[in-house]
Amino acid sequence: MKKTAMLAIAGLSLLASNVMAAVKSEAVSYELDGTKFVGQMYYDDAVTEKRPGVLVVHEWWGLNDHAKTQAQKLAELGYVAFAADMYGEGKSTDKPEQAKEWMTEVTSDVDAWRATANAGLEQLKKSDKVDVEKLAAIGYCFGGGTMMQMAYGGTDIDGVVSFHGSLPSAPDGTEIKTKILAFHGNADAMVPQATVNKFTEQMEKTGADWQFVAYGSGVRHGFTNPNAGKYGIENLKYDEKADQRSWAGMKAFFDEIFK
């Protein structure tokens with residue numbers, strides 16, 4: 001067989017294997033205190049060794065396409081990603097009033113809030129594809145606030161990343177072992193400057209390893225969500241540049257904590 005023909009066949013075989021190897025998605029059902037939750041696990045089936053796991057927590061809308069898309073992107077980077085469900089099976093909406101009601105139900109009890117997030121993390125850890133010594137979590141909006149509560153509550157995890165999160169302050173006396181990275185839009189009317197100031201002041205008191213990145217030039221809440229402007233809220237606006245920069249910052253952060 002001629003060398004060119006052999007190379008062509010080898011190239012076709014490589015192409016075929018790449019086509020077959022793709023990100024897989026599996027629904028995962030679990031329960032906590034009698035409530036059923038359904039999250040979505042994402043992983044690249046071409047990777048055979050265990051790899052770091054990343055929990056993804058949704059915005060106040062519930063587990064929708066935005067959180068699932070981010071989890072899939074993480075799987076494409078080589079991680080195992082679990083898009084957790086914080087409200088209960090099937091609870092997702094595009095109505096702000098309903099989203100606020102569900103979010104308030106969760107956040108009104110901090111211990112239960114943290115327990116629900118940790119239940120999602122446990123599902124990630126159960127995957128035989130995950131290196132349980134290398135774990136992180138990311139969250140958006142309400143999910144960003146959830147990241148802080150996981151850190152404040154002592155969740156054993158390498159790092160958390162908040163994207164346009166609510167930035168709850170750490171209680172006095174909190175000791176934080178988890179590394180923290182928070183991305184914020186400077187024109188975010190949902191998280192006023194006073195809240196930002198209190199958050200950073202308390203972070204300093206904890207002695208934590210933390211970073212806070214604020215994007216100017218009119219960057220508002222929801223800057224990572226291409227559909228942010230469709231909900232009828234003026235403060236919600238997608239920003240491509242802030243989205244790309246924050247994602248790149250997250251990747252660098254993961255390179256650091258997982259090295």
# chains A, B, ... in the order shown; residues from 1 in each chain; ligands from 1

$ residues_around --residues "region 235-252 of chain A" --least-positions-apart "2" --cutoff "8 Å" --atoms "only C-alpha atoms" --output "list in words"
Val161, Phe163, Leu181, Phe183, Asp188, Ala189, Met190, Tyr215, Val219, Arg220, His221, Gly222, Phe223, Thr224, Asn225, Pro226, Asn227, Ala228, Gly229, Tyr231, Ile233, Phe254, Asp255 and Glu256 of chain A

$ write_last_selection --atoms "C-alpha atoms" --output "mmCIF file, in the first residue's frame"
data_model
loop_
_atom_site.group_PDB
_atom_site.id
_atom_site.type_symbol
_atom_site.label_atom_id
_atom_site.label_comp_id
_atom_site.auth_asym_id
_atom_site.auth_seq_id
_atom_site.Cartn_x
_atom_site.Cartn_y
_atom_site.Cartn_z
ATOM 1 C CA VAL A 161 -15.809 30.955 41.640
ATOM 2 C CA PHE A 163 -19.940 35.048 38.502
ATOM 3 C CA LEU A 181 -12.536 34.105 43.109
ATOM 4 C CA PHE A 183 -16.288 38.333 39.222
ATOM 5 C CA ASP A 188 -24.722 45.809 38.792
ATOM 6 C CA ALA A 189 -27.634 47.535 40.554
ATOM 7 C CA MET A 190 -28.608 44.280 42.296
ATOM 8 C CA TYR A 215 -15.587 44.931 35.302
ATOM 9 C CA VAL A 219 -21.110 45.756 32.960
ATOM 10 C CA ARG A 220 -24.306 44.708 34.720
ATOM 11 C CA HIS A 221 -25.769 41.648 36.412
ATOM 12 C CA GLY A 222 -25.993 38.471 34.335
ATOM 13 C CA PHE A 223 -23.049 39.392 32.109
ATOM 14 C CA THR A 224 -22.248 35.719 31.339
ATOM 15 C CA ASN A 225 -25.741 34.829 30.113
ATOM 16 C CA PRO A 226 -26.451 35.580 26.423
ATOM 17 C CA ASN A 227 -30.178 35.516 27.249
ATOM 18 C CA ALA A 228 -29.906 37.983 30.135
ATOM 19 C CA GLY A 229 -31.664 40.759 28.216
ATOM 20 C CA TYR A 231 -36.120 38.610 31.001
ATOM 21 C CA ILE A 233 -35.128 43.451 33.754
ATOM 22 C CA PHE A 254 -8.308 26.143 38.042
ATOM 23 C CA ASP A 255 -4.822 25.711 36.604
ATOM 24 C CA GLU A 256 -3.506 27.117 39.867
#

$ select_by_dssp --residues "region 15-259 of chain A" --states "helix (DSSP H, G or I)" --output "PyMOL selection string"
chain A and resi 15-20+65-76+96-107+110-126+142-152+193-206+228-231+240-257

$ select_by_dssp --residues "region 105-239 of chain A" --states "strand (DSSP E or B)" --output "ChimeraX atom specification"
/A:130-140,159-163,179-185,210-215,221,236

$ atom_distance --atom1 "CA of Thr200 (chain A)" --atom2 "CA of Ala112 (chain A)"
24.7 Å

$ closest_residue --among "A:Ala67, A:Val130, A:Ala151, A:Ile257" --to "Thr48 (chain A)" --atoms "only C-alpha atoms"
A:Val130

$ decode --residues "region 106-118 of chain A" --atoms "all heavy atoms" --output "PDB file, in the first residue's frame"
ATOM      1  N   VAL A 106     -34.872  29.091  49.619  1.00  0.00           N
ATOM      2  CA  VAL A 106     -33.586  28.432  49.857  1.00  0.00           C
ATOM      3  C   VAL A 106     -32.703  29.267  50.776  1.00  0.00           C
ATOM      4  O   VAL A 106     -32.125  28.762  51.748  1.00  0.00           O
ATOM      5  CB  VAL A 106     -32.852  28.159  48.526  1.00  0.00           C
ATOM      6  CG1 VAL A 106     -31.452  27.612  48.783  1.00  0.00           C
ATOM      7  CG2 VAL A 106     -33.644  27.185  47.672  1.00  0.00           C
ATOM      8  N   THR A 107     -32.595  30.550  50.500  1.00  0.00           N
ATOM      9  CA  THR A 107     -31.634  31.391  51.206  1.00  0.00           C
ATOM     10  C   THR A 107     -32.086  31.803  52.607  1.00  0.00           C
ATOM     11  O   THR A 107     -31.281  32.308  53.392  1.00  0.00           O
ATOM     12  CB  THR A 107     -31.315  32.657  50.385  1.00  0.00           C
ATOM     13  OG1 THR A 107     -32.525  33.404  50.161  1.00  0.00           O
ATOM     14  CG2 THR A 107     -30.707  32.297  49.048  1.00  0.00           C
ATOM     15  N   SER A 108     -33.354  31.612  52.931  1.00  0.00           N
ATOM     16  CA  SER A 108     -33.856  32.020  54.246  1.00  0.00           C
ATOM     17  C   SER A 108     -33.303  31.152  55.372  1.00  0.00           C
ATOM     18  O   SER A 108     -33.321  31.551  56.540  1.00  0.00           O
ATOM     19  CB  SER A 108     -35.389  31.974  54.273  1.00  0.00           C
ATOM     20  OG  SER A 108     -35.858  30.671  54.007  1.00  0.00           O
ATOM     21  N   ASP A 109     -32.824  29.968  55.046  1.00  0.00           N
ATOM     22  CA  ASP A 109     -32.218  29.062  56.031  1.00  0.00           C
ATOM     23  C   ASP A 109     -30.811  28.732  55.540  1.00  0.00           C
ATOM     24  O   ASP A 109     -30.633  27.901  54.653  1.00  0.00           O
ATOM     25  CB  ASP A 109     -33.066  27.794  56.160  1.00  0.00           C
ATOM     26  CG  ASP A 109     -32.552  26.840  57.231  1.00  0.00           C
ATOM     27  OD1 ASP A 109     -31.342  26.847  57.521  1.00  0.00           O
ATOM     28  OD2 ASP A 109     -33.371  26.066  57.771  1.00  0.00           O
ATOM     29  N   VAL A 110     -29.820  29.393  56.116  1.00  0.00           N
ATOM     30  CA  VAL A 110     -28.451  29.266  55.622  1.00  0.00           C
ATOM     31  C   VAL A 110     -27.937  27.839  55.730  1.00  0.00           C
ATOM     32  O   VAL A 110     -27.260  27.337  54.816  1.00  0.00           O
ATOM     33  CB  VAL A 110     -27.510  30.243  56.363  1.00  0.00           C
ATOM     34  CG1 VAL A 110     -26.053  29.987  55.968  1.00  0.00           C
ATOM     35  CG2 VAL A 110     -27.879  31.685  56.045  1.00  0.00           C
ATOM     36  N   ASP A 111     -28.254  27.168  56.826  1.00  0.00           N
ATOM     37  CA  ASP A 111     -27.782  25.794  56.988  1.00  0.00           C
ATOM     38  C   ASP A 111     -28.364  24.881  55.908  1.00  0.00           C
ATOM     39  O   ASP A 111     -27.662  24.039  55.336  1.00  0.00           O
ATOM     40  CB  ASP A 111     -28.154  25.270  58.377  1.00  0.00           C
ATOM     41  CG  ASP A 111     -27.350  25.939  59.485  1.00  0.00           C
ATOM     42  OD1 ASP A 111     -26.243  26.434  59.196  1.00  0.00           O
ATOM     43  OD2 ASP A 111     -27.834  25.967  60.628  1.00  0.00           O
ATOM     44  N   ALA A 112     -29.659  25.044  55.636  1.00  0.00           N
ATOM     45  CA  ALA A 112     -30.299  24.237  54.600  1.00  0.00           C
ATOM     46  C   ALA A 112     -29.758  24.592  53.220  1.00  0.00           C
ATOM     47  O   ALA A 112     -29.597  23.723  52.353  1.00  0.00           O
ATOM     48  CB  ALA A 112     -31.809  24.436  54.640  1.00  0.00           C
ATOM     49  N   TRP A 113     -29.484  25.872  53.006  1.00  0.00           N
ATOM     50  CA  TRP A 113     -28.899  26.344  51.745  1.00  0.00           C
ATOM     51  C   TRP A 113     -27.580  25.630  51.482  1.00  0.00           C
ATOM     52  O   TRP A 113     -27.344  25.069  50.403  1.00  0.00           O
ATOM     53  CB  TRP A 113     -28.708  27.852  51.849  1.00  0.00           C
ATOM     54  CG  TRP A 113     -28.212  28.577  50.637  1.00  0.00           C
ATOM     55  CD1 TRP A 113     -27.956  28.071  49.404  1.00  0.00           C
ATOM     56  CD2 TRP A 113     -27.912  29.974  50.562  1.00  0.00           C
ATOM     57  NE1 TRP A 113     -27.508  29.066  48.558  1.00  0.00           N
ATOM     58  CE2 TRP A 113     -27.479  30.236  49.237  1.00  0.00           C
ATOM     59  CE3 TRP A 113     -27.977  31.027  51.486  1.00  0.00           C
ATOM     60  CZ2 TRP A 113     -27.103  31.515  48.823  1.00  0.00           C
ATOM     61  CZ3 TRP A 113     -27.604  32.296  51.071  1.00  0.00           C
ATOM     62  CH2 TRP A 113     -27.183  32.546  49.754  1.00  0.00           C
ATOM     63  N   ARG A 114     -26.714  25.633  52.498  1.00  0.00           N
ATOM     64  CA  ARG A 114     -25.414  24.984  52.357  1.00  0.00           C
ATOM     65  C   ARG A 114     -25.567  23.480  52.178  1.00  0.00           C
ATOM     66  O   ARG A 114     -24.855  22.864  51.374  1.00  0.00           O
ATOM     67  CB  ARG A 114     -24.560  25.293  53.582  1.00  0.00           C
ATOM     68  CG  ARG A 114     -24.158  26.754  53.702  1.00  0.00           C
ATOM     69  CD  ARG A 114     -23.511  27.048  55.045  1.00  0.00           C
ATOM     70  NE  ARG A 114     -23.114  28.449  55.162  1.00  0.00           N
ATOM     71  CZ  ARG A 114     -22.709  29.025  56.301  1.00  0.00           C
ATOM     72  NH1 ARG A 114     -22.658  28.302  57.416  1.00  0.00           N
ATOM     73  NH2 ARG A 114     -22.372  30.301  56.318  1.00  0.00           N
ATOM     74  N   ALA A 115     -26.502  22.886  52.897  1.00  0.00           N
ATOM     75  CA  ALA A 115     -26.712  21.446  52.795  1.00  0.00           C
ATOM     76  C   ALA A 115     -27.171  21.044  51.397  1.00  0.00           C
ATOM     77  O   ALA A 115     -26.746  20.001  50.859  1.00  0.00           O
ATOM     78  CB  ALA A 115     -27.738  20.993  53.837  1.00  0.00           C
ATOM     79  N   THR A 116     -28.023  21.860  50.781  1.00  0.00           N
ATOM     80  CA  THR A 116     -28.494  21.563  49.427  1.00  0.00           C
ATOM     81  C   THR A 116     -27.350  21.635  48.425  1.00  0.00           C
ATOM     82  O   THR A 116     -27.234  20.780  47.534  1.00  0.00           O
ATOM     83  CB  THR A 116     -29.609  22.537  49.020  1.00  0.00           C
ATOM     84  OG1 THR A 116     -30.665  22.479  49.986  1.00  0.00           O
ATOM     85  CG2 THR A 116     -30.176  22.194  47.653  1.00  0.00           C
ATOM     86  N   ALA A 117     -26.494  22.644  48.570  1.00  0.00           N
ATOM     87  CA  ALA A 117     -25.330  22.749  47.684  1.00  0.00           C
ATOM     88  C   ALA A 117     -24.383  21.571  47.890  1.00  0.00           C
ATOM     89  O   ALA A 117     -23.874  20.981  46.918  1.00  0.00           O
ATOM     90  CB  ALA A 117     -24.605  24.063  47.941  1.00  0.00           C
ATOM     91  N   ASN A 118     -24.160  21.197  49.144  1.00  0.00           N
ATOM     92  CA  ASN A 118     -23.258  20.083  49.427  1.00  0.00           C
ATOM     93  C   ASN A 118     -23.817  18.750  48.942  1.00  0.00           C
ATOM     94  O   ASN A 118     -23.057  17.842  48.590  1.00  0.00           O
ATOM     95  CB  ASN A 118     -22.963  20.023  50.925  1.00  0.00           C
ATOM     96  CG  ASN A 118     -22.059  21.147  51.388  1.00  0.00           C
ATOM     97  OD1 ASN A 118     -21.234  21.646  50.614  1.00  0.00           O
ATOM     98  ND2 ASN A 118     -22.196  21.572  52.634  1.00  0.00           N
TER      99      ASN A 118
END
